[in-house]
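Shown next: input-v2.txt, given as compact mmCIF, C-alpha atoms and all ligand atoms.
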```
# COMPACT_ATOMS: atom_id res chain seq x y z
CA MET A 180 82.51 134.98 55.98
CA HIS A 181 84.99 133.34 58.39
CA HIS A 182 85.98 136.04 60.87
CA VAL A 183 83.37 138.71 61.44
CA PHE A 184 83.91 142.00 63.27
CA VAL A 185 80.70 143.16 64.98
CA THR A 186 80.46 146.73 66.25
CA GLY A 187 77.80 147.11 68.94
CA VAL A 188 78.17 143.46 69.94
CA ALA A 189 76.81 144.01 73.46
CA GLY A 190 73.59 145.56 72.18
CA PHE A 191 70.18 144.10 71.46
CA ILE A 192 70.76 143.14 67.82
CA GLY A 193 74.56 142.77 67.97
CA SER A 194 74.55 140.21 70.79
CA ASN A 195 71.90 138.11 69.03
CA LEU A 196 73.97 138.33 65.84
CA ALA A 197 77.14 137.19 67.63
CA ASP A 198 75.33 134.13 69.01
CA ARG A 199 74.01 133.27 65.55
CA LEU A 200 77.41 133.63 63.87
CA LEU A 201 79.12 131.52 66.53
CA ALA A 202 76.47 128.79 66.12
CA ASP A 203 77.13 128.90 62.36
CA GLY A 204 80.85 128.16 62.85
CA VAL A 205 82.12 131.73 62.27
CA SER A 206 84.78 133.44 64.44
CA VAL A 207 83.61 136.73 65.93
CA THR A 208 85.50 139.74 67.23
CA GLY A 209 83.02 141.88 69.12
CA TRP A 210 83.61 145.60 69.63
CA ASP A 211 81.63 147.71 72.07
CA ASN A 212 82.06 150.62 74.50
CA LEU A 213 79.19 149.28 76.65
CA SER A 214 77.42 152.65 76.60
CA THR A 215 74.00 151.03 76.11
CA GLY A 216 75.09 147.40 75.68
CA GLN A 217 74.97 144.80 78.45
CA GLU A 218 77.69 142.34 79.45
CA ARG A 219 74.96 139.87 80.38
CA PHE A 220 73.88 139.71 76.73
CA MET A 221 77.30 138.25 75.90
CA GLU A 222 77.38 135.60 78.64
CA GLY A 223 77.07 132.76 76.13
CA ALA A 224 79.42 134.28 73.55
CA LEU A 225 82.12 135.03 76.13
CA LYS A 226 82.39 131.32 76.93
CA HIS A 227 82.86 130.47 73.26
CA PRO A 228 86.41 129.76 72.00
CA ARG A 229 85.73 131.56 68.70
CA PHE A 230 84.61 134.79 70.39
CA ARG A 231 86.80 137.68 71.40
CA LEU A 232 85.51 140.89 72.98
CA VAL A 233 87.43 144.12 72.58
CA ARG A 234 86.13 146.99 74.63
CA GLY A 235 86.58 150.25 72.76
CA ASP A 236 84.94 153.26 71.19
CA ASN A 237 84.25 153.88 67.51
CA LEU A 238 85.63 157.39 67.86
CA ASP A 239 89.07 155.93 68.72
CA LEU A 240 90.26 155.10 65.20
CA PRO A 241 93.70 153.63 66.09
CA ALA A 242 92.17 151.19 68.60
CA LEU A 243 89.35 150.31 66.20
CA THR A 244 91.85 149.63 63.42
CA ALA A 245 93.97 147.40 65.67
CA ALA A 246 90.93 145.43 66.89
CA MET A 247 89.68 144.74 63.35
CA LYS A 248 92.89 143.02 62.22
CA GLY A 249 92.24 139.62 60.61
CA ALA A 250 88.50 140.14 60.01
CA ASP A 251 86.96 139.47 56.58
CA PHE A 252 83.51 140.98 57.14
CA VAL A 253 82.15 143.84 59.27
CA PHE A 254 78.65 144.17 60.69
CA HIS A 255 78.48 147.79 61.77
CA LEU A 256 75.64 148.00 64.31
CA ALA A 257 76.99 150.36 67.01
CA ALA A 258 75.12 153.64 67.02
CA ASN A 259 73.17 156.10 69.02
CA ALA A 260 69.78 154.48 68.48
CA ASP A 261 67.79 157.05 70.48
CA ILE A 262 65.74 159.14 68.05
CA LYS A 263 63.47 160.94 70.49
CA ASP A 264 66.13 162.87 72.40
CA GLY A 265 68.13 163.97 69.35
CA TRP A 266 67.69 167.69 70.05
CA GLN A 267 69.03 167.35 73.60
CA HIS A 268 72.48 166.63 72.17
CA PRO A 269 72.58 167.44 68.43
CA ARG A 270 76.26 166.50 68.00
CA LYS A 271 75.72 162.97 69.27
CA ASP A 272 74.06 161.57 66.15
CA LEU A 273 76.70 163.16 63.93
CA GLU A 274 79.52 161.66 66.01
CA GLN A 275 78.04 158.27 66.85
CA ASN A 276 76.32 157.53 63.55
CA THR A 277 78.21 159.42 60.84
CA ILE A 278 81.79 159.97 62.07
CA ALA A 279 81.77 156.51 63.71
CA THR A 280 80.74 154.98 60.36
CA PHE A 281 83.54 156.88 58.63
CA ASN A 282 85.98 155.47 61.21
CA VAL A 283 84.71 151.93 60.66
CA LEU A 284 85.23 152.35 56.89
CA GLU A 285 88.72 153.78 57.44
CA ALA A 286 89.63 150.90 59.76
CA MET A 287 88.41 148.50 57.04
CA ARG A 288 90.55 150.27 54.46
CA ALA A 289 93.61 150.03 56.69
CA ASN A 290 93.00 146.30 57.24
CA GLY A 291 91.97 145.46 53.67
CA VAL A 292 88.48 144.32 54.80
CA LYS A 293 86.23 144.49 51.74
CA ARG A 294 82.72 143.58 52.91
CA ILE A 295 80.36 145.44 55.24
CA ALA A 296 76.73 145.36 56.40
CA PHE A 297 75.35 148.56 57.94
CA SER A 298 72.27 148.80 60.16
CA SER A 299 70.37 151.75 58.76
CA THR A 300 66.77 152.56 59.49
CA GLY A 301 63.35 153.24 58.03
CA SER A 302 63.79 156.68 59.63
CA VAL A 303 65.90 157.71 56.62
CA TYR A 304 62.60 157.98 54.71
CA GLY A 305 61.65 160.85 57.04
CA GLU A 306 58.70 162.58 55.47
CA ALA A 307 58.06 160.46 52.37
CA LEU A 308 57.66 162.69 49.33
CA VAL A 309 55.76 160.22 47.16
CA THR A 310 52.21 159.17 48.11
CA PRO A 311 52.76 158.69 51.83
CA GLU A 312 49.85 156.21 52.14
CA ARG A 313 51.68 153.19 50.73
CA PRO A 314 54.66 151.05 51.68
CA THR A 315 57.87 152.96 50.95
CA PRO A 316 60.17 151.30 48.39
CA GLU A 317 63.99 151.63 48.40
CA THR A 318 63.71 153.67 45.18
CA ASP A 319 61.60 156.48 46.70
CA LEU A 320 62.53 160.07 45.95
CA PHE A 321 65.04 161.43 48.44
CA PRO A 322 62.83 162.50 51.38
CA ILE A 323 62.83 165.45 53.76
CA GLN A 324 64.75 164.35 56.87
CA THR A 325 62.75 164.74 60.06
CA SER A 326 65.25 163.59 62.71
CA LEU A 327 68.95 164.02 63.41
CA TYR A 328 69.11 160.24 63.74
CA GLY A 329 67.66 159.74 60.23
CA ALA A 330 69.94 162.44 58.82
CA SER A 331 73.07 160.94 60.42
CA LYS A 332 72.21 157.42 59.20
CA THR A 333 71.55 158.78 55.70
CA ALA A 334 75.04 160.30 55.77
CA GLY A 335 76.45 156.92 56.89
CA GLU A 336 74.72 155.22 53.97
CA GLY A 337 76.23 157.80 51.64
CA LEU A 338 79.71 157.04 52.95
CA LEU A 339 79.27 153.29 52.33
CA GLY A 340 78.21 154.05 48.76
CA ALA A 341 81.18 156.35 48.19
CA TYR A 342 83.70 153.81 49.55
CA ALA A 343 82.22 151.08 47.35
CA GLU A 344 82.11 153.28 44.24
CA GLY A 345 85.62 154.48 45.02
CA GLY A 346 86.90 150.90 44.89
CA GLN A 347 87.73 150.75 48.62
CA ILE A 348 85.22 148.00 49.42
CA ASP A 349 83.75 145.21 47.28
CA GLU A 350 80.38 144.68 48.94
CA ALA A 351 78.30 147.22 50.88
CA TYR A 352 74.94 146.13 52.31
CA ILE A 353 72.62 148.77 53.72
CA PHE A 354 69.69 147.41 55.73
CA ARG A 355 66.89 149.83 56.58
CA PHE A 356 65.09 148.29 59.54
CA VAL A 357 61.66 149.02 60.89
CA SER A 358 61.58 148.75 64.72
CA ILE A 359 62.98 145.44 65.88
CA LEU A 360 61.39 143.28 68.60
CA GLY A 361 62.46 140.19 70.50
CA GLU A 362 64.83 138.81 73.13
CA ARG A 363 67.23 141.42 74.63
CA TYR A 364 65.03 144.30 73.45
CA THR A 365 65.91 147.31 75.60
CA HIS A 366 64.39 150.35 73.93
CA GLY A 367 61.17 151.18 72.12
CA HIS A 368 57.47 151.34 72.78
CA VAL A 369 56.97 147.83 74.24
CA PHE A 370 59.83 148.49 76.67
CA ASP A 371 58.33 151.83 77.73
CA PHE A 372 54.76 150.57 78.02
CA TYR A 373 55.73 147.48 80.01
CA LYS A 374 57.84 149.62 82.36
CA GLN A 375 54.92 151.95 83.02
CA LEU A 376 52.50 149.07 83.55
CA LEU A 377 54.85 147.47 86.07
CA GLU A 378 54.93 150.72 88.02
CA HIS A 379 51.19 151.54 87.73
CA PRO A 380 49.00 148.95 85.93
CA ASP A 381 45.96 151.24 86.10
CA ARG A 382 47.19 153.96 83.72
CA LEU A 383 49.33 154.27 80.60
CA ARG A 384 50.77 157.44 79.12
CA VAL A 385 50.89 157.29 75.32
CA LEU A 386 52.97 159.69 73.25
CA GLY A 387 50.78 161.15 70.48
CA ASP A 388 47.17 160.12 69.88
CA GLY A 389 47.79 156.38 69.45
CA THR A 390 46.84 156.41 65.76
CA GLN A 391 50.45 156.28 64.55
CA ARG A 392 50.90 153.24 62.30
CA LYS A 393 54.18 151.37 62.56
CA SER A 394 55.76 148.20 61.34
CA TYR A 395 57.92 145.84 63.44
CA LEU A 396 60.18 142.86 62.80
CA TYR A 397 61.31 140.04 65.07
CA VAL A 398 65.07 140.08 65.73
CA GLN A 399 65.78 136.54 64.48
CA ASP A 400 63.90 137.33 61.25
CA CYS A 401 66.08 140.43 60.90
CA LEU A 402 69.24 138.34 61.35
CA ASP A 403 67.99 135.70 58.88
CA ALA A 404 67.47 138.43 56.29
CA MET A 405 70.92 140.01 56.74
CA LEU A 406 72.75 136.69 56.73
CA HIS A 407 70.78 135.39 53.75
CA VAL A 408 71.62 138.38 51.59
CA THR A 409 75.23 138.87 52.64
CA ARG A 410 76.04 135.18 52.13
CA GLY A 411 74.51 135.44 48.64
CA HIS A 412 77.05 138.19 47.70
CA THR A 413 74.32 140.20 45.94
CA ALA A 414 76.29 143.47 46.25
CA ARG A 415 79.27 142.06 44.35
CA GLU A 416 77.07 141.69 41.26
CA ALA A 417 75.34 145.08 41.74
CA LYS A 418 76.41 147.92 39.46
CA HIS A 419 77.85 150.03 42.29
CA HIS A 420 78.65 147.15 44.69
CA THR A 421 76.06 148.59 47.08
CA GLN A 422 72.74 146.96 47.87
CA VAL A 423 69.97 148.59 49.87
CA TYR A 424 67.27 146.44 51.48
CA ASN A 425 64.25 147.42 53.51
CA LEU A 426 63.70 144.95 56.36
CA GLY A 427 60.24 144.64 57.83
CA THR A 428 57.05 142.63 57.89
CA PRO A 429 54.40 143.07 55.17
CA GLU A 430 52.04 144.49 57.84
CA PHE A 431 51.75 147.43 60.20
CA VAL A 432 49.79 148.09 63.38
CA GLN A 433 48.39 151.18 65.02
CA VAL A 434 50.00 152.07 68.34
CA ASN A 435 46.50 151.55 69.80
CA ASP A 436 46.41 147.95 68.44
CA SER A 437 49.80 147.31 69.92
CA ILE A 438 48.59 148.64 73.30
CA ALA A 439 45.59 146.30 73.08
CA HIS A 440 47.89 143.25 72.48
CA ILE A 441 50.17 144.26 75.34
CA CYS A 442 47.34 144.85 77.81
CA ALA A 443 45.54 141.62 76.86
CA SER A 444 48.76 139.67 77.19
CA LEU A 445 49.49 141.17 80.64
CA GLY A 446 45.85 140.98 81.77
CA VAL A 447 45.58 144.72 82.60
CA THR A 448 43.07 147.42 81.60
CA PRO A 449 44.80 150.76 82.20
CA LYS A 450 43.27 154.17 81.58
CA LEU A 451 44.99 155.54 78.47
CA GLU A 452 46.38 159.07 78.76
CA TYR A 453 47.34 160.46 75.34
CA THR A 454 49.75 163.38 75.05
CA GLY A 455 47.97 164.28 71.77
CA GLY A 456 48.86 165.08 68.17
CA ASN A 457 49.58 162.55 65.45
CA ARG A 458 53.31 162.43 66.31
CA GLY A 459 54.78 161.19 69.60
CA TRP A 460 57.85 163.46 69.40
CA ILE A 461 59.71 165.74 66.99
CA GLY A 462 60.86 163.49 64.15
CA ASP A 463 58.30 160.77 64.85
CA ASN A 464 56.81 159.48 61.63
CA PRO A 465 53.05 158.78 61.92
CA PHE A 466 53.26 156.06 59.25
CA ILE A 467 56.22 153.69 58.93
CA PHE A 468 55.58 150.85 56.55
CA LEU A 469 58.37 149.64 54.28
CA ASP A 470 57.98 147.85 50.99
CA THR A 471 59.91 144.59 51.44
CA LYS A 472 59.39 143.07 47.98
CA LYS A 473 63.09 143.37 47.17
CA ILE A 474 64.33 141.28 50.10
CA GLN A 475 61.40 138.87 49.72
CA SER A 476 62.26 138.30 46.07
CA ALA A 477 65.80 137.46 47.21
CA GLY A 478 64.26 134.45 48.99
CA TRP A 479 63.60 135.66 52.56
CA LYS A 480 60.38 136.10 54.44
CA PRO A 481 59.65 136.75 58.12
CA LYS A 482 58.55 133.82 60.27
CA LEU A 483 56.75 135.82 62.98
CA THR A 484 53.91 138.31 62.72
CA ILE A 485 54.07 141.62 64.58
CA LYS A 486 51.71 140.26 67.23
CA GLN A 487 53.92 137.20 67.78
CA GLY A 488 56.97 139.48 67.97
CA ILE A 489 55.30 141.63 70.64
CA GLU A 490 54.39 138.48 72.58
CA ARG A 491 58.00 137.16 72.53
CA THR A 492 59.27 140.57 73.63
CA LEU A 493 56.89 140.73 76.58
CA ARG A 494 57.79 137.21 77.71
CA TRP A 495 61.47 138.12 77.57
CA LEU A 496 60.97 141.39 79.47
CA GLU A 497 58.93 139.59 82.13
CA ALA A 498 61.76 137.11 82.67
CA ASN A 499 64.49 139.78 82.55
CA ARG A 500 63.27 142.73 84.59
CA TRP A 501 66.87 143.49 85.51
CA VAL A 502 67.19 145.38 82.19
CA TYR A 503 65.02 148.15 83.60
CA GLU A 504 67.64 148.78 86.28
CA ALA A 505 70.49 148.39 83.79
CA ARG A 506 69.01 150.88 81.26
CA ARG A 507 68.18 153.64 83.77
N1 LIG B 601 66.39 148.27 67.53
C1 LIG B 601 65.72 148.84 66.54
O1 LIG B 601 64.47 148.85 66.53
C2 LIG B 601 66.44 149.44 65.37
C3 LIG B 601 65.70 149.94 64.28
C4 LIG B 601 66.38 150.52 63.20
C5 LIG B 601 67.77 150.56 63.21
N2 LIG B 601 68.47 150.07 64.28
C6 LIG B 601 69.92 150.14 64.26
O2 LIG B 601 70.44 148.87 64.59
C7 LIG B 601 71.67 149.02 65.32
C8 LIG B 601 71.63 148.23 66.60
O3 LIG B 601 70.55 148.69 67.39
P1 LIG B 601 70.21 148.07 68.81
O4 LIG B 601 68.75 148.15 68.96
O5 LIG B 601 70.90 146.77 68.96
O6 LIG B 601 70.86 149.18 69.75
P2 LIG B 601 71.65 149.01 71.13
O7 LIG B 601 71.73 150.36 71.75
O8 LIG B 601 71.07 147.89 71.92
O9 LIG B 601 73.09 148.56 70.63
C9 LIG B 601 74.08 149.45 70.20
C10 LIG B 601 75.41 148.96 70.77
O10 LIG B 601 76.45 149.81 70.29
C11 LIG B 601 77.32 150.15 71.38
N3 LIG B 601 77.91 151.44 71.06
C12 LIG B 601 77.27 152.64 70.96
N4 LIG B 601 78.15 153.61 70.65
C13 LIG B 601 79.36 153.03 70.53
C14 LIG B 601 80.66 153.51 70.24
N5 LIG B 601 80.88 154.81 70.01
N6 LIG B 601 81.68 152.64 70.20
C15 LIG B 601 81.47 151.32 70.45
N7 LIG B 601 80.27 150.80 70.75
C16 LIG B 601 79.23 151.64 70.80
C17 LIG B 601 76.40 150.18 72.61
O11 LIG B 601 77.08 150.01 73.84
C18 LIG B 601 75.45 149.02 72.29
O12 LIG B 601 75.96 147.80 72.81
C19 LIG B 601 71.86 150.53 65.50
O13 LIG B 601 72.72 150.98 64.48
C20 LIG B 601 70.47 151.09 65.30
O14 LIG B 601 70.52 152.42 64.84
C21 LIG B 601 67.83 149.51 65.35
```

Mind converting the file's structure to structure tokens?
Ligand SMILES: NC(=O)c1ccc[n+]([C@@H]2O[C@H](COP(=O)([O-])OP(=O)(O)OC[C@H]3O[C@@H](n4cnc5c(N)ncnc54)[C@H](O)[C@@H]3O)[C@@H](O)[C@H]2O)c1
Amino acid sequence: MHHVFVTGVAGFIGSNLADRLLADGVSVTGWDNLSTGQERFMEGALKHPRFRLVRGDNLDLPALTAAMKGADFVFHLAANADIKDGWQHPRKDLEQNTIATFNVLEAMRANGVKRIAFSSTGSVYGEALVTPERPTPETDLFPIQTSLYGASKTAGEGLLGAYAEGGQIDEAYIFRFVSILGERYTHGHVFDFYKQLLEHPDRLRVLGDGTQRKSYLYVQDCLDAMLHVTRGHTAREAKHHTQVYNLGTPEFVQVNDSIAHICASLGVTPKLEYTGGNRGWIGDNPFIFLDTKKIQSAGWKPKLTIKQGIERTLRWLEANRWVYEARR
């Protein structure tokens, strides 16, 4: 891995990845249309001699192909990461998560780039079909999809597999993340709750009944995991040159527990107003807990607990309130 092409480089995870790769001595070409990404997240990278930013859109295949020239590895992170509003614009997930992934693979083919890591999601497990009350392993039966986001990412995963099996790429890594926390976090429940508490510390609106159980992972732990596995070339040895890894912590919390951490940390005691039901929105999964034995047996484990991840996120949001204006 000498010259890495990062799609979604201005985003939460992509910008942290670019900083890590640059610190590790790698050259980075970052690609982003700045739809949800922030130029301020790239302030450090933009000063670095081994970083180049190309502003462009994944749906523009000729420009994407030209920008990727010279790369030897692709981290494909750009996506529409908004699950909740899927039904307000049903075509968006298809275009941004499936067709965009096809374009990235085609640009790789045109440039002879043979290695890719794809940010998938625990949402692909939708409604787990096997004993829902246990951590979901990568080998679960194919589930019922419950969101357009999950469906479009599942299709993206399928494309990576087909390109690898078809001999077009040598190593395909699919990482199914739980929700990620940490510095530059700009969407998700901590973001929403903190925003509300800034505006009115005496009340908090909670989607669902607060009993949803979810798992979270700190962003640097997520990057450690992806870099550990991709540098180990595990997909090259795999039968179909594709490796799928769940990424998460071996714990989960109830939304209510998470609210308790956030309120204690901020020193507020709001009245909780639940919208009701065991799902916060259509496609919300009341229990997300991934089995991470596979990645752990590859020699990785998370350094931070969920509570520590929430704490870091809050400290970062407190020091960077500008993101609330930027993500309006
Ligand atoms: N953050 C999480 O909790 C989480 C959980 C599971 C999976 N993921 C996946 O991880 C990836 C990164 O997520 P994130 O949280 O950093 O999201 P983000 O929205 O912060 O970053 C996505 C980046 O992609 C860019 N982008 C979007 N569409 C583009 C396009 N058509 N062309 C070029 N650039 C485009 C955006 O401007 C943004 O900078 C996504 O694929 C997401 O689905 C994230």

Show me which residues sit within 6 Å of ligand LIG 601 (chain B) when counting all atoms listed in the file, and put them as a PDB file with C-alpha atoms, in the coordinates of the input.
```pdb
ATOM      1  CA  GLY A 187      77.800 147.110  68.940  1.00  0.00           C
ATOM      2  CA  VAL A 188      78.170 143.460  69.940  1.00  0.00           C
ATOM      3  CA  ALA A 189      76.810 144.010  73.460  1.00  0.00           C
ATOM      4  CA  GLY A 190      73.590 145.560  72.180  1.00  0.00           C
ATOM      5  CA  PHE A 191      70.180 144.100  71.460  1.00  0.00           C
ATOM      6  CA  ILE A 192      70.760 143.140  67.820  1.00  0.00           C
ATOM      7  CA  GLY A 193      74.560 142.770  67.970  1.00  0.00           C
ATOM      8  CA  ASP A 211      81.630 147.710  72.070  1.00  0.00           C
ATOM      9  CA  ASN A 212      82.060 150.620  74.500  1.00  0.00           C
ATOM     10  CA  LEU A 213      79.190 149.280  76.650  1.00  0.00           C
ATOM     11  CA  SER A 214      77.420 152.650  76.600  1.00  0.00           C
ATOM     12  CA  THR A 215      74.000 151.030  76.110  1.00  0.00           C
ATOM     13  CA  GLY A 216      75.090 147.400  75.680  1.00  0.00           C
ATOM     14  CA  GLY A 235      86.580 150.250  72.760  1.00  0.00           C
ATOM     15  CA  ASP A 236      84.940 153.260  71.190  1.00  0.00           C
ATOM     16  CA  ASN A 237      84.250 153.880  67.510  1.00  0.00           C
ATOM     17  CA  LEU A 238      85.630 157.390  67.860  1.00  0.00           C
ATOM     18  CA  LEU A 256      75.640 148.000  64.310  1.00  0.00           C
ATOM     19  CA  ALA A 257      76.990 150.360  67.010  1.00  0.00           C
ATOM     20  CA  ALA A 258      75.120 153.640  67.020  1.00  0.00           C
ATOM     21  CA  ASN A 259      73.170 156.100  69.020  1.00  0.00           C
ATOM     22  CA  ALA A 260      69.780 154.480  68.480  1.00  0.00           C
ATOM     23  CA  GLN A 275      78.040 158.270  66.850  1.00  0.00           C
ATOM     24  CA  SER A 298      72.270 148.800  60.160  1.00  0.00           C
ATOM     25  CA  SER A 299      70.370 151.750  58.760  1.00  0.00           C
ATOM     26  CA  THR A 300      66.770 152.560  59.490  1.00  0.00           C
ATOM     27  CA  PHE A 356      65.090 148.290  59.540  1.00  0.00           C
ATOM     28  CA  VAL A 357      61.660 149.020  60.890  1.00  0.00           C
ATOM     29  CA  SER A 358      61.580 148.750  64.720  1.00  0.00           C
ATOM     30  CA  ILE A 359      62.980 145.440  65.880  1.00  0.00           C
TER      31      ILE A 359
END
```

Kindly provide the residues of region 218-294 of chain A that approach region 326-349 of chain A to within 7 Å, each paired with its closest atom pair and their distance in Å to one decimal, based on all atoms listed in the file, listed by chain and increasing number, as a Markdown table.
```
| residue | atom | partner | partner_atom | distance |
| --- | --- | --- | --- | --- |
| A:Ile262 | CA | A:Tyr328 | CA | 5.6 |
| A:Gly265 | CA | A:Leu327 | CA | 6.0 |
| A:Asp272 | CA | A:Tyr328 | CA | 5.7 |
| A:Leu273 | CA | A:Ser331 | CA | 5.5 |
| A:Asn276 | CA | A:Ser331 | CA | 5.7 |
| A:Thr277 | CA | A:Gly335 | CA | 5.0 |
| A:Thr280 | CA | A:Gly335 | CA | 5.8 |
| A:Phe281 | CA | A:Leu338 | CA | 6.9 |
| A:Arg288 | CA | A:Gln347 | CA | 6.5 |
| A:Lys293 | CA | A:Ile348 | CA | 4.3 |
| A:Arg294 | CA | A:Asp349 | CA | 6.0 |
```

Go ahead and compute the interatomic distance for CA of Met221 (chain A) and CA of Ser194 (chain A), in Å to one decimal.
6.1 Å

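The closest residue to Gly411 (chain A), picked from A:Pro449, A:Gly478, A:Pro380, A:Gly389 and counting all atoms listed in the file, is A:Gly478.
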
Two-atom distance - CA of Trp460 (chain A), CA of His368 (chain A) (Å)
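We find that CA of Trp460 (chain A) and CA of His368 (chain A) lie 12.6 Å from each other.
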
Using all atoms listed in the file, which of A:Ala414, A:Leu396, A:Val233, A:Val283 sits nearest Ile485 (chain A)?
A:Leu396

Distance in Å - CA of Leu496 (chain A) versus CA of Lys482 (chain A)
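CA of Lys482 (chain A) lies 20.8 Å from CA of Leu496 (chain A).
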
Counting all atoms listed in the file, which residue out of A:Tyr352, A:Trp479, A:Phe468, A:Phe372 sits closest to Ala417 (chain A)?
A:Tyr352

Expected answer as a ChimeraX atom specification: all residues with atoms within 12 Å of (51.8, 154.8, 63.3), only C-alpha atoms
/A:312,357-358,368,386-395,430-437,456-459,463-468

If we count all atoms listed in the file and set the cut-off at 8 Å, which residues sit around Ala224 (chain A), ignoring sequence neighbours fewer than 4 positions away in its own chain? Please answer as a VMD selection string.
chain A and resid 197 to 198 201 230

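Take the candidates A:Phe354, A:Tyr453, A:Tyr304, A:Tyr397 and check each one against Asn195 (chain A) using all atoms listed in the file; the shortest distance goes to A:Tyr397.
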
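Counting all atoms listed in the file and comparing A:Ala296, A:Val205, A:Leu483, A:Leu469, the residue that lies closest to Thr315 (chain A) is A:Leu469.
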
So that I can see what lies close to Ala404 (chain A), please list as a PyMOL selection string the residues with an atom at most 10 Å from it, counting all atoms listed in the file and leaving out residues fewer than 4 positions away in the same chain.
chain A and resi 354+398-400+408-409+424-427+474-475+477-481

Just-selected residues, C-alpha atoms written as a PDB file, keeping the file's coordinate frame:
```
ATOM      1  CA  PHE A 354      69.690 147.410  55.730  1.00  0.00           C
ATOM      2  CA  VAL A 398      65.070 140.080  65.730  1.00  0.00           C
ATOM      3  CA  GLN A 399      65.780 136.540  64.480  1.00  0.00           C
ATOM      4  CA  ASP A 400      63.900 137.330  61.250  1.00  0.00           C
ATOM      5  CA  VAL A 408      71.620 138.380  51.590  1.00  0.00           C
ATOM      6  CA  THR A 409      75.230 138.870  52.640  1.00  0.00           C
ATOM      7  CA  TYR A 424      67.270 146.440  51.480  1.00  0.00           C
ATOM      8  CA  ASN A 425      64.250 147.420  53.510  1.00  0.00           C
ATOM      9  CA  LEU A 426      63.700 144.950  56.360  1.00  0.00           C
ATOM     10  CA  GLY A 427      60.240 144.640  57.830  1.00  0.00           C
ATOM     11  CA  ILE A 474      64.330 141.280  50.100  1.00  0.00           C
ATOM     12  CA  GLN A 475      61.400 138.870  49.720  1.00  0.00           C
ATOM     13  CA  ALA A 477      65.800 137.460  47.210  1.00  0.00           C
ATOM     14  CA  GLY A 478      64.260 134.450  48.990  1.00  0.00           C
ATOM     15  CA  TRP A 479      63.600 135.660  52.560  1.00  0.00           C
ATOM     16  CA  LYS A 480      60.380 136.100  54.440  1.00  0.00           C
ATOM     17  CA  PRO A 481      59.650 136.750  58.120  1.00  0.00           C
TER      18      PRO A 481
END
```

All residues 8 Å or closer to Asp251 (chain A), all atoms listed in the file, same chain fewer than 4 positions away omitted, as JSON, numbers by chain
{"A": [180, 181, 182, 183, 184, 292, 293, 294]}

Pick from A:Arg491, A:Lys248, A:Lys374, A:Arg410, whichever lies nearest to Glu504 (chain A) using all atoms listed in the file:
A:Lys374
